[in-house]
Every structure is written in C-alpha cells, then in structure tokens.
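Shown here: upload28.cif, mmCIF, C-alpha atoms, pLDDT in the B column; chains and numbers go by the auth columns.
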data_work
loop_
_atom_site.group_PDB
_atom_site.id
_atom_site.type_symbol
_atom_site.label_atom_id
_atom_site.label_comp_id
_atom_site.label_asym_id
_atom_site.label_seq_id
_atom_site.Cartn_x
_atom_site.Cartn_y
_atom_site.Cartn_z
_atom_site.B_iso_or_equiv
_atom_site.auth_seq_id
_atom_site.auth_asym_id
ATOM 1 C CA MET A 1 6.079 -51.349 25.161 81.00 1 V
ATOM 2 C CA LYS A 2 8.128 -50.955 28.342 90.00 2 V
ATOM 3 C CA PRO A 3 8.446 -54.004 30.600 94.00 3 V
ATOM 4 C CA LEU A 4 6.076 -53.795 33.563 97.00 4 V
ATOM 5 C CA ILE A 5 7.786 -54.827 36.804 98.00 5 V
ATOM 6 C CA VAL A 6 5.293 -55.448 39.627 98.00 6 V
ATOM 7 C CA ALA A 7 6.547 -55.935 43.185 98.00 7 V
ATOM 8 C CA ASN A 8 4.189 -58.065 45.277 98.00 8 V
ATOM 9 C CA TRP A 9 5.321 -57.655 48.874 98.00 9 V
ATOM 10 C CA LYS A 10 2.656 -60.099 50.126 97.00 10 V
ATOM 11 C CA CYS A 11 2.490 -60.047 53.978 98.00 11 V
ATOM 12 C CA ASN A 12 5.780 -58.124 54.320 98.00 12 V
ATOM 13 C CA PRO A 13 7.499 -56.174 55.856 98.00 13 V
ATOM 14 C CA LEU A 14 6.519 -56.007 59.518 97.00 14 V
ATOM 15 C CA SER A 15 6.725 -52.229 59.917 98.00 15 V
ATOM 16 C CA LEU A 16 5.820 -49.115 57.969 98.00 16 V
ATOM 17 C CA LYS A 17 9.342 -47.791 58.570 98.00 17 V
ATOM 18 C CA GLU A 18 10.832 -50.794 56.760 98.00 18 V
ATOM 19 C CA GLY A 19 8.410 -50.243 53.900 98.00 19 V
ATOM 20 C CA GLU A 20 9.276 -46.563 53.665 98.00 20 V
ATOM 21 C CA GLU A 21 13.001 -47.308 53.628 98.00 21 V
ATOM 22 C CA LEU A 22 12.563 -49.935 50.916 98.00 22 V
ATOM 23 C CA VAL A 23 10.487 -47.611 48.730 98.00 23 V
ATOM 24 C CA GLU A 24 13.021 -44.813 49.218 97.00 24 V
ATOM 25 C CA ARG A 25 15.902 -47.024 48.068 97.00 25 V
ATOM 26 C CA ILE A 26 13.928 -48.263 45.071 97.00 26 V
ATOM 27 C CA GLU A 27 12.838 -44.763 44.101 96.00 27 V
ATOM 28 C CA GLU A 28 16.408 -43.469 44.307 96.00 28 V
ATOM 29 C CA GLY A 29 17.637 -46.441 42.290 95.00 29 V
ATOM 30 C CA VAL A 30 15.208 -45.938 39.397 94.00 30 V
ATOM 31 C CA GLU A 31 15.453 -42.155 39.257 91.00 31 V
ATOM 32 C CA GLY A 32 16.039 -41.156 35.649 87.00 32 V
ATOM 33 C CA PHE A 33 15.571 -44.760 34.506 86.00 33 V
ATOM 34 C CA ASN A 34 12.744 -44.800 31.966 87.00 34 V
ATOM 35 C CA SER A 35 13.166 -48.201 30.326 89.00 35 V
ATOM 36 C CA ALA A 36 10.662 -49.989 32.572 91.00 36 V
ATOM 37 C CA GLU A 37 7.502 -49.237 34.545 95.00 37 V
ATOM 38 C CA VAL A 38 7.769 -50.212 38.210 97.00 38 V
ATOM 39 C CA VAL A 39 4.730 -50.792 40.449 98.00 39 V
ATOM 40 C CA ILE A 40 4.842 -51.525 44.197 98.00 40 V
ATOM 41 C CA CYS A 41 2.063 -53.566 45.836 98.00 41 V
ATOM 42 C CA PRO A 42 2.447 -53.388 49.647 98.00 42 V
ATOM 43 C CA PRO A 43 0.010 -54.652 52.312 98.00 43 V
ATOM 44 C CA PHE A 44 -3.242 -52.664 52.635 98.00 44 V
ATOM 45 C CA VAL A 45 -2.250 -51.019 55.933 98.00 45 V
ATOM 46 C CA PHE A 46 0.868 -49.427 54.420 98.00 46 V
ATOM 47 C CA LEU A 47 -0.607 -48.486 51.046 98.00 47 V
ATOM 48 C CA PRO A 48 -1.989 -44.946 51.706 97.00 48 V
ATOM 49 C CA PHE A 49 1.094 -43.876 53.684 98.00 49 V
ATOM 50 C CA LEU A 50 3.537 -45.032 51.001 98.00 50 V
ATOM 51 C CA ILE A 51 1.482 -43.431 48.232 98.00 51 V
ATOM 52 C CA GLN A 52 1.741 -40.093 50.033 96.00 52 V
ATOM 53 C CA ARG A 53 5.521 -40.402 50.367 94.00 53 V
ATOM 54 C CA SER A 54 6.470 -41.521 46.862 96.00 54 V
ATOM 55 C CA ASP A 55 5.896 -40.712 43.194 94.00 55 V
ATOM 56 C CA LEU A 56 6.061 -44.379 42.196 96.00 56 V
ATOM 57 C CA PRO A 57 2.782 -46.018 41.121 97.00 57 V
ATOM 58 C CA PHE A 58 1.307 -48.316 43.761 98.00 58 V
ATOM 59 C CA GLY A 59 -1.160 -51.160 43.712 98.00 59 V
ATOM 60 C CA ALA A 60 -3.100 -53.346 46.125 98.00 60 V
ATOM 61 C CA GLN A 61 -2.779 -57.118 46.469 98.00 61 V
ATOM 62 C CA ASN A 62 -6.512 -57.807 46.457 98.00 62 V
ATOM 63 C CA CYS A 63 -9.944 -56.163 46.492 98.00 63 V
ATOM 64 C CA TYR A 64 -13.617 -57.013 46.979 98.00 64 V
ATOM 65 C CA SER A 65 -16.369 -57.184 44.369 98.00 65 V
ATOM 66 C CA GLU A 66 -18.770 -54.792 46.146 98.00 66 V
ATOM 67 C CA ASP A 67 -18.433 -51.039 46.726 97.00 67 V
ATOM 68 C CA LYS A 68 -19.441 -51.111 50.396 97.00 68 V
ATOM 69 C CA GLY A 69 -21.539 -52.969 52.918 98.00 69 V
ATOM 70 C CA PRO A 70 -21.441 -55.621 55.651 98.00 70 V
ATOM 71 C CA PHE A 71 -18.291 -57.368 54.415 98.00 71 V
ATOM 72 C CA THR A 72 -15.996 -57.540 57.425 98.00 72 V
ATOM 73 C CA GLY A 73 -12.307 -57.413 56.577 96.00 73 V
ATOM 74 C CA GLU A 74 -12.773 -56.502 52.907 97.00 74 V
ATOM 75 C CA VAL A 75 -11.474 -53.479 50.974 98.00 75 V
ATOM 76 C CA SER A 76 -13.409 -52.143 47.996 98.00 76 V
ATOM 77 C CA VAL A 77 -12.156 -50.791 44.687 98.00 77 V
ATOM 78 C CA LYS A 78 -13.609 -47.372 45.483 98.00 78 V
ATOM 79 C CA MET A 79 -11.565 -47.305 48.686 98.00 79 V
ATOM 80 C CA LEU A 80 -8.433 -48.129 46.709 98.00 80 V
ATOM 81 C CA GLU A 81 -9.225 -45.317 44.274 98.00 81 V
ATOM 82 C CA GLU A 82 -9.716 -42.950 47.205 98.00 82 V
ATOM 83 C CA VAL A 83 -6.191 -43.521 48.535 98.00 83 V
ATOM 84 C CA GLY A 84 -4.596 -43.291 45.073 98.00 84 V
ATOM 85 C CA ALA A 85 -3.917 -46.903 44.077 98.00 85 V
ATOM 86 C CA LYS A 86 -3.270 -47.354 40.345 98.00 86 V
ATOM 87 C CA TYR A 87 -3.210 -51.163 40.148 98.00 87 V
ATOM 88 C CA VAL A 88 -4.689 -54.158 41.964 98.00 88 V
ATOM 89 C CA ILE A 89 -3.667 -57.826 41.823 98.00 89 V
ATOM 90 C CA ILE A 90 -6.602 -60.193 41.397 98.00 90 V
ATOM 91 C CA GLY A 91 -6.663 -63.982 41.679 97.00 91 V
ATOM 92 C CA HIS A 92 -3.104 -64.531 42.866 96.00 92 V
ATOM 93 C CA SER A 93 -2.436 -68.245 43.293 93.00 93 V
ATOM 94 C CA GLU A 94 -2.062 -67.815 47.053 93.00 94 V
ATOM 95 C CA ARG A 95 -5.550 -66.298 47.150 95.00 95 V
ATOM 96 C CA ARG A 96 -6.878 -69.247 45.154 94.00 96 V
ATOM 97 C CA LYS A 97 -5.020 -71.925 47.120 92.00 97 V
ATOM 98 C CA ILE A 98 -5.002 -70.648 50.708 94.00 98 V
ATOM 99 C CA PHE A 99 -8.214 -68.613 50.746 96.00 99 V
ATOM 100 C CA LYS A 100 -10.117 -70.840 48.292 96.00 100 V
ATOM 101 C CA GLU A 101 -11.039 -68.046 45.888 97.00 101 V
ATOM 102 C CA THR A 102 -12.773 -69.343 42.774 97.00 102 V
ATOM 103 C CA SER A 103 -12.524 -68.047 39.230 97.00 103 V
ATOM 104 C CA GLU A 104 -16.178 -67.003 39.527 98.00 104 V
ATOM 105 C CA GLU A 105 -15.338 -64.770 42.513 98.00 105 V
ATOM 106 C CA ILE A 106 -12.294 -63.415 40.730 98.00 106 V
ATOM 107 C CA ASN A 107 -14.467 -62.605 37.721 98.00 107 V
ATOM 108 C CA LEU A 108 -16.754 -60.446 39.892 98.00 108 V
ATOM 109 C CA LYS A 109 -13.720 -58.586 41.236 98.00 109 V
ATOM 110 C CA LEU A 110 -12.380 -58.049 37.723 98.00 110 V
ATOM 111 C CA LEU A 111 -15.685 -56.624 36.490 98.00 111 V
ATOM 112 C CA LYS A 112 -15.793 -54.247 39.460 98.00 112 V
ATOM 113 C CA VAL A 113 -12.211 -53.046 38.864 98.00 113 V
ATOM 114 C CA LEU A 114 -12.985 -52.428 35.195 98.00 114 V
ATOM 115 C CA GLU A 115 -15.635 -49.909 36.310 97.00 115 V
ATOM 116 C CA SER A 116 -12.864 -47.872 37.938 98.00 116 V
ATOM 117 C CA SER A 117 -9.687 -46.044 36.971 97.00 117 V
ATOM 118 C CA ILE A 118 -7.541 -48.835 38.481 98.00 118 V
ATOM 119 C CA THR A 119 -5.677 -51.343 36.298 98.00 119 V
ATOM 120 C CA PRO A 120 -6.354 -54.994 37.223 98.00 120 V
ATOM 121 C CA ILE A 121 -3.510 -57.523 37.205 98.00 121 V
ATOM 122 C CA LEU A 122 -5.283 -60.840 36.707 98.00 122 V
ATOM 123 C CA CYS A 123 -3.325 -63.959 37.705 98.00 123 V
ATOM 124 C CA ILE A 124 -3.738 -67.432 36.209 97.00 124 V
ATOM 125 C CA GLY A 125 -1.668 -70.604 36.465 95.00 125 V
ATOM 126 C CA GLU A 126 -1.611 -74.356 36.967 93.00 126 V
ATOM 127 C CA ASN A 127 -0.309 -76.358 39.925 88.00 127 V
ATOM 128 C CA ARG A 128 2.383 -79.031 39.761 86.00 128 V
ATOM 129 C CA GLU A 129 -0.003 -81.979 39.547 88.00 129 V
ATOM 130 C CA GLU A 130 -1.892 -80.357 36.686 90.00 130 V
ATOM 131 C CA ARG A 131 1.337 -79.670 34.801 87.00 131 V
ATOM 132 C CA GLU A 132 2.666 -83.207 35.311 88.00 132 V
ATOM 133 C CA GLN A 133 -0.630 -84.583 34.019 92.00 133 V
ATOM 134 C CA GLY A 134 -0.400 -82.425 30.897 91.00 134 V
ATOM 135 C CA LYS A 135 -3.420 -80.327 31.874 92.00 135 V
ATOM 136 C CA THR A 136 -1.761 -76.889 31.786 93.00 136 V
ATOM 137 C CA PHE A 137 -3.668 -75.545 28.802 95.00 137 V
ATOM 138 C CA ASN A 138 -6.965 -77.059 29.952 96.00 138 V
ATOM 139 C CA VAL A 139 -6.582 -75.358 33.327 96.00 139 V
ATOM 140 C CA LEU A 140 -5.619 -72.023 31.776 97.00 140 V
ATOM 141 C CA THR A 141 -8.518 -72.176 29.340 97.00 141 V
ATOM 142 C CA GLU A 142 -11.001 -72.774 32.155 97.00 142 V
ATOM 143 C CA GLN A 143 -9.549 -69.980 34.270 97.00 143 V
ATOM 144 C CA LEU A 144 -9.505 -67.524 31.381 97.00 144 V
ATOM 145 C CA GLU A 145 -13.046 -68.322 30.262 97.00 145 V
ATOM 146 C CA LYS A 146 -14.480 -67.990 33.770 98.00 146 V
ATOM 147 C CA CYS A 147 -12.469 -64.915 34.742 98.00 147 V
ATOM 148 C CA PHE A 148 -13.236 -63.048 31.507 97.00 148 V
ATOM 149 C CA LEU A 149 -16.982 -63.774 31.575 97.00 149 V
ATOM 150 C CA GLY A 150 -18.815 -60.532 30.808 97.00 150 V
ATOM 151 C CA VAL A 151 -15.674 -58.557 29.944 97.00 151 V
ATOM 152 C CA SER A 152 -16.237 -56.424 26.832 95.00 152 V
ATOM 153 C CA LYS A 153 -13.784 -55.942 23.986 93.00 153 V
ATOM 154 C CA GLU A 154 -13.610 -52.253 24.905 93.00 154 V
ATOM 155 C CA ASN A 155 -12.502 -53.059 28.450 94.00 155 V
ATOM 156 C CA SER A 156 -10.227 -55.996 27.653 94.00 156 V
ATOM 157 C CA ASN A 157 -7.189 -53.870 26.826 92.00 157 V
ATOM 158 C CA LYS A 158 -7.273 -52.321 30.313 95.00 158 V
ATOM 159 C CA ILE A 159 -6.277 -55.669 31.827 97.00 159 V
ATOM 160 C CA VAL A 160 -2.787 -56.910 32.667 98.00 160 V
ATOM 161 C CA LEU A 161 -2.555 -60.707 32.671 97.00 161 V
ATOM 162 C CA ALA A 162 0.016 -62.539 34.813 97.00 162 V
ATOM 163 C CA TYR A 163 0.888 -66.179 34.153 96.00 163 V
ATOM 164 C CA GLU A 164 2.241 -67.645 37.385 92.00 164 V
ATOM 165 C CA PRO A 165 2.590 -71.419 37.582 88.00 165 V
ATOM 166 C CA VAL A 166 1.669 -72.268 41.173 82.00 166 V
ATOM 167 C CA TRP A 167 4.526 -74.747 41.561 74.00 167 V
ATOM 168 C CA ALA A 168 7.110 -72.027 40.799 69.00 168 V
ATOM 169 C CA ILE A 169 5.949 -69.433 43.325 67.00 169 V
ATOM 170 C CA GLY A 170 8.223 -69.055 46.326 65.00 170 V
ATOM 171 C CA THR A 171 10.041 -72.294 45.519 64.00 171 V
ATOM 172 C CA GLY A 172 13.117 -70.887 43.806 65.00 172 V
ATOM 173 C CA GLN A 173 12.223 -73.047 40.801 67.00 173 V
ATOM 174 C CA SER A 174 11.060 -70.957 37.875 67.00 174 V
ATOM 175 C CA ALA A 175 9.440 -72.389 34.768 74.00 175 V
ATOM 176 C CA GLN A 176 11.551 -73.157 31.698 85.00 176 V
ATOM 177 C CA VAL A 177 11.732 -70.321 29.200 90.00 177 V
ATOM 178 C CA SER A 178 10.462 -72.587 26.418 89.00 178 V
ATOM 179 C CA ASP A 179 7.409 -73.552 28.505 89.00 179 V
ATOM 180 C CA ILE A 180 6.672 -69.925 29.307 92.00 180 V
ATOM 181 C CA GLY A 181 6.959 -69.055 25.635 92.00 181 V
ATOM 182 C CA GLU A 182 4.429 -71.764 24.742 93.00 182 V
ATOM 183 C CA VAL A 183 2.028 -70.446 27.346 94.00 183 V
ATOM 184 C CA ARG A 184 2.450 -66.889 26.037 95.00 184 V
ATOM 185 C CA VAL A 185 1.529 -68.041 22.519 95.00 185 V
ATOM 186 C CA PHE A 186 -1.473 -69.923 23.899 96.00 186 V
ATOM 187 C CA ILE A 187 -2.670 -66.920 25.907 96.00 187 V
ATOM 188 C CA ARG A 188 -2.261 -64.591 22.937 95.00 188 V
ATOM 189 C CA GLU A 189 -4.310 -66.948 20.741 96.00 189 V
ATOM 190 C CA PHE A 190 -7.045 -67.142 23.370 96.00 190 V
ATOM 191 C CA LEU A 191 -7.167 -63.361 23.760 96.00 191 V
ATOM 192 C CA SER A 192 -7.133 -62.809 20.004 95.00 192 V
ATOM 193 C CA ASN A 193 -10.028 -65.218 19.490 95.00 193 V
ATOM 194 C CA LYS A 194 -12.044 -63.668 22.312 95.00 194 V
ATOM 195 C CA PHE A 195 -11.333 -59.964 21.934 94.00 195 V
ATOM 196 C CA GLY A 196 -9.813 -59.554 18.469 93.00 196 V
ATOM 197 C CA LYS A 197 -6.191 -59.175 17.409 89.00 197 V
ATOM 198 C CA GLU A 198 -6.075 -55.387 17.854 88.00 198 V
ATOM 199 C CA ASN A 199 -7.306 -55.524 21.461 86.00 199 V
ATOM 200 C CA CYS A 200 -5.185 -58.584 22.205 87.00 200 V
ATOM 201 C CA GLU A 201 -1.968 -56.776 21.313 88.00 201 V
ATOM 202 C CA LYS A 202 -2.703 -54.070 23.909 90.00 202 V
ATOM 203 C CA ILE A 203 -2.996 -56.564 26.797 94.00 203 V
ATOM 204 C CA ARG A 204 0.284 -56.950 28.672 96.00 204 V
ATOM 205 C CA VAL A 205 1.165 -60.515 29.689 97.00 205 V
ATOM 206 C CA LEU A 206 3.579 -60.951 32.602 97.00 206 V
ATOM 207 C CA TYR A 207 5.364 -63.941 34.126 95.00 207 V
ATOM 208 C CA GLY A 208 5.476 -64.607 37.862 93.00 208 V
ATOM 209 C CA GLY A 209 7.195 -67.352 39.823 89.00 209 V
ATOM 210 C CA SER A 210 10.640 -67.222 41.480 88.00 210 V
ATOM 211 C CA VAL A 211 11.734 -64.269 39.338 93.00 211 V
ATOM 212 C CA ASP A 212 15.155 -62.789 40.135 94.00 212 V
ATOM 213 C CA SER A 213 17.900 -60.763 38.474 96.00 213 V
ATOM 214 C CA ASN A 214 19.495 -63.915 37.052 94.00 214 V
ATOM 215 C CA ASN A 215 16.483 -65.149 35.074 94.00 215 V
ATOM 216 C CA VAL A 216 14.391 -62.044 34.353 95.00 216 V
ATOM 217 C CA HIS A 217 16.216 -61.170 31.136 95.00 217 V
ATOM 218 C CA SER A 218 15.320 -64.506 29.544 94.00 218 V
ATOM 219 C CA PHE A 219 11.655 -64.107 30.534 94.00 219 V
ATOM 220 C CA VAL A 220 11.433 -60.707 28.864 94.00 220 V
ATOM 221 C CA THR A 221 13.591 -61.380 25.787 93.00 221 V
ATOM 222 C CA GLU A 222 13.460 -65.104 24.996 94.00 222 V
ATOM 223 C CA ALA A 223 9.958 -65.861 26.309 93.00 223 V
ATOM 224 C CA ARG A 224 8.850 -62.377 25.131 95.00 224 V
ATOM 225 C CA MET A 225 6.777 -61.577 28.190 96.00 225 V
ATOM 226 C CA ASN A 226 5.768 -57.941 28.742 97.00 226 V
ATOM 227 C CA GLY A 227 7.177 -57.909 32.246 97.00 227 V
ATOM 228 C CA VAL A 228 7.215 -59.826 35.510 97.00 228 V
ATOM 229 C CA LEU A 229 5.380 -60.185 38.820 97.00 229 V
ATOM 230 C CA VAL A 230 8.042 -60.359 41.521 97.00 230 V
ATOM 231 C CA GLY A 231 7.682 -61.727 45.054 95.00 231 V
ATOM 232 C CA GLY A 232 10.625 -62.314 47.390 95.00 232 V
ATOM 233 C CA ALA A 233 13.201 -60.532 45.224 96.00 233 V
ATOM 234 C CA SER A 234 11.212 -57.289 45.477 97.00 234 V
ATOM 235 C CA LEU A 235 11.865 -57.105 49.238 98.00 235 V
ATOM 236 C CA LYS A 236 15.627 -56.730 48.720 97.00 236 V
ATOM 237 C CA SER A 237 16.321 -53.320 47.235 97.00 237 V
ATOM 238 C CA ASP A 238 19.703 -54.145 45.650 97.00 238 V
ATOM 239 C CA GLU A 239 18.387 -57.329 44.056 97.00 239 V
ATOM 240 C CA PHE A 240 15.163 -55.675 42.906 97.00 240 V
ATOM 241 C CA LEU A 241 16.978 -52.742 41.325 97.00 241 V
ATOM 242 C CA LYS A 242 19.344 -55.124 39.553 97.00 242 V
ATOM 243 C CA LEU A 243 16.309 -57.078 38.334 97.00 243 V
ATOM 244 C CA ILE A 244 14.607 -53.942 37.014 96.00 244 V
ATOM 245 C CA LYS A 245 17.648 -52.805 35.063 94.00 245 V
ATOM 246 C CA THR A 246 18.353 -56.308 33.755 93.00 246 V
ATOM 247 C CA ALA A 247 14.776 -56.590 32.487 90.00 247 V
#

For this file, write the structure as structure tokens.
Amino acid sequence: MKPLIVANWKCNPLSLKEGEELVERIEEGVEGFNSAEVVICPPFVFLPFLIQRSDLPFGAQNCYSEDKGPFTGEVSVKMLEEVGAKYVIIGHSERRKIFKETSEEINLKLLKVLESSITPILCIGENREEREQGKTFNVLTEQLEKCFLGVSKENSNKIVLAYEPVWAIGTGQSAQVSDIGEVRVFIREFLSNKFGKENCEKIRVLYGGSVDSNNVHSFVTEARMNGVLVGGASLKSDEFLKLIKTA
C-alpha cells in the first residue's frame, strides 16, 4: 500500500495565482514518482480551478451533510463531485475546536460522503489536557463510536482515518513515534472489532500534526502509519516535495 500524503492548505494561500504556482511546482516535482499518492486540499474557492489545471487528485477541507437547501455558506458533497473532487476532509480538529462541530454532526457528513464517489478522510484526536489526564483512548473510542454510527462493513473500507492529536497541530511539536504506534494498534483493534479484520486492513490510517520532511519517515516506517496529513509544510513546495520522497 503506497503512503497517502494529503496536503491540507487550510485558509491559504491568498490568491489563486499562488495556488496555481504551488500546484505546478508540486506536479513537476512528483512527475514519474509512483511511490506515494499525493492529494491536495485547497480552499473551496480555488478547488474547481486547480482541478481543471492539474492531473493531481484534489480534495475539499469540509462538506455539509445535506445535498442542497437553505444552508447559507455550506458546500454539499454533490457539489464537490460536480467539480471533480476525489477526497474530502471531515472532522478536522480545527473544525471541532473553532467551529464547535460535534462527532454527531461529523457522522452525518461521513454517511453522506459514503453515498458518493468521494473518499472521506475522517479526523480524530485528543487535546493536550485529555492526553495529560490519560484519557487519549477514552476520547478516541468515543469519537470513533459516534462518527462510525450507521456505517456498514461494506462501506467501512472506503474511509481514510487520520489520527491528529490536537496539541500537535500547528505547534511544531509532533507526537512521539512510540505514542503514535500505540494509537495505531488501538485504532486497528477498534476497526477490526467493529468491521472485521478483512475490512479493517483496507482502511488507511494516517498521522497528522506538525509533519515535516525530518519526521515523516519515522511516522511511516517506525509507527507504521499509511501516510500523513500535512498542514504548514505543504505550502512550501521544496519542503513538501522532500517530505513526499522521504515518506
């Protein structure tokens, strides 16, 4: 299974031109490189333009749980399909923390995405206080149970799961490889118990949180994650390309 490298640009860059230039440099840098799958998740407003200009797979950073209707400011899964998105990030910690999204809301989004051709990237993770209090696995269990409510065994292997400890995102402080490895084992056991071993093995589990070219190799090899969700490092083409090839 190739490592999956997902670039989450968040609310960056400021112009479409900057986004086009960044995609062009990344595309040139990975040309002929088939050892990893690279996905770019730009802001909504840039997404259809970049999809038209590049052969790379693209994803969105969020979606809504309804197809259409009086939901000001929201973007539906069908709209994302229409413009050619292949992936969508759901439940990112910044969505949970800043915009107060609950696991119940994220579950509705996940079920809607699973009705489509788009691959959902479901994010889970504990905050610093929860980790320091030894509640990591309790928090992850609750998030997984609520987010996977109503998901069938047949659909489970369509999901990409991203473990991103909240305290490591954008801080420059990534989790210890040994801790990530423990979480991976825990997640695999949960998935195996819920969906069966065969389905569990098809679900890719990523790590996200201050990932860069210096630590990505240990996440993929030592912690045995199936790839990474990258924030700030994905906005610097040289660093991101180095990260991809290191992974």

Once the PyMOL selection byres ((chain V and resi 196-200) around 12) has been applied to the shown file, what residues remain in the selection, as a ChimeraX atom specification?
-> /V:152-161,184-185,187-195,201-205

Once the PyMOL selection byres ((chain V and resi 207-217) around 9) has been applied to the shown file, what residues remain in the selection, as a ChimeraX atom specification?
-> /V:123,161-175,180,205-206,218-222,225-234,239-247

Contact residues around segment 65-71 of chain V with only C-alpha atoms at 10 Å, ignoring same-chain residues under 6 positions, as an mmCIF file with C-alpha atoms, in the coordinates of the input:
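File produced: around_26.cif:
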data_model
loop_
_atom_site.group_PDB
_atom_site.id
_atom_site.type_symbol
_atom_site.label_atom_id
_atom_site.label_comp_id
_atom_site.auth_asym_id
_atom_site.auth_seq_id
_atom_site.Cartn_x
_atom_site.Cartn_y
_atom_site.Cartn_z
ATOM 1 C CA VAL V 77 -12.156 -50.791 44.687
ATOM 2 C CA LYS V 78 -13.609 -47.372 45.483
ATOM 3 C CA MET V 79 -11.565 -47.305 48.686
ATOM 4 C CA GLU V 105 -15.338 -64.770 42.513
ATOM 5 C CA ILE V 106 -12.294 -63.415 40.730
ATOM 6 C CA ASN V 107 -14.467 -62.605 37.721
ATOM 7 C CA LEU V 108 -16.754 -60.446 39.892
ATOM 8 C CA LYS V 109 -13.720 -58.586 41.236
ATOM 9 C CA LEU V 110 -12.380 -58.049 37.723
ATOM 10 C CA LEU V 111 -15.685 -56.624 36.490
ATOM 11 C CA LYS V 112 -15.793 -54.247 39.460
ATOM 12 C CA VAL V 113 -12.211 -53.046 38.864
#

Exactly which residues make up the result of the PyMOL selection byres ((chain V and resi 121) around 6) on this file, given as an mmCIF file with C-alpha atoms, in the coordinates of the input?
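In the end it all went to selection_9.cif:
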data_model
loop_
_atom_site.group_PDB
_atom_site.id
_atom_site.type_symbol
_atom_site.label_atom_id
_atom_site.label_comp_id
_atom_site.auth_asym_id
_atom_site.auth_seq_id
_atom_site.Cartn_x
_atom_site.Cartn_y
_atom_site.Cartn_z
ATOM 1 C CA VAL V 88 -4.689 -54.158 41.964
ATOM 2 C CA ILE V 89 -3.667 -57.826 41.823
ATOM 3 C CA ILE V 90 -6.602 -60.193 41.397
ATOM 4 C CA PRO V 120 -6.354 -54.994 37.223
ATOM 5 C CA LEU V 122 -5.283 -60.840 36.707
ATOM 6 C CA VAL V 160 -2.787 -56.910 32.667
ATOM 7 C CA LEU V 161 -2.555 -60.707 32.671
#

Provide an axis-aligned box for all listed atoms of segment 90-101 of chain V, padding each side by 5 Å; report its centre and its edge lengths in Å to one decimal, as JSON.
{"center_x": -6.6, "center_y": -66.1, "center_z": 46.1, "size_x": 19.0, "size_y": 21.7, "size_z": 19.3}

Atom CA of Ala223 of chain V to atom CA of Val177 of chain V: how many Å, to one decimal?
->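 So the two atoms, atom CA of Ala223 of chain V and atom CA of Val177 of chain V, lie 5.6 Å apart.
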
Could you please determine the separation between atom CA of Ile51 of chain V and atom CA of Thr72 of chain V in Å, to one decimal place?
->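 About the pair atom CA of Ile51 of chain V and atom CA of Thr72 of chain V: they are 24.3 Å apart.
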
Atom CA of Ser76 of chain V and atom CA of Cys11 of chain V, how far apart in Å?
->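 Separation of atom CA of Cys11 of chain V and atom CA of Ser76 of chain V: 18.7 Å.
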
Choose the residue, out of V:Ala36, V:Ile124, V:Val30, V:Leu56, that has the smallest atom-to-atom separation from Ile5 of chain V; count only C-alpha atoms.
-> V:Ala36

With all atoms listed in the file as the atoms that count, which of V:Gly19, V:Cys41, V:Glu74, V:Ser116 lies nearest to Arg53 of chain V?
->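 Ranked by minimum distance to Arg53 of chain V, first place goes to V:Gly19.
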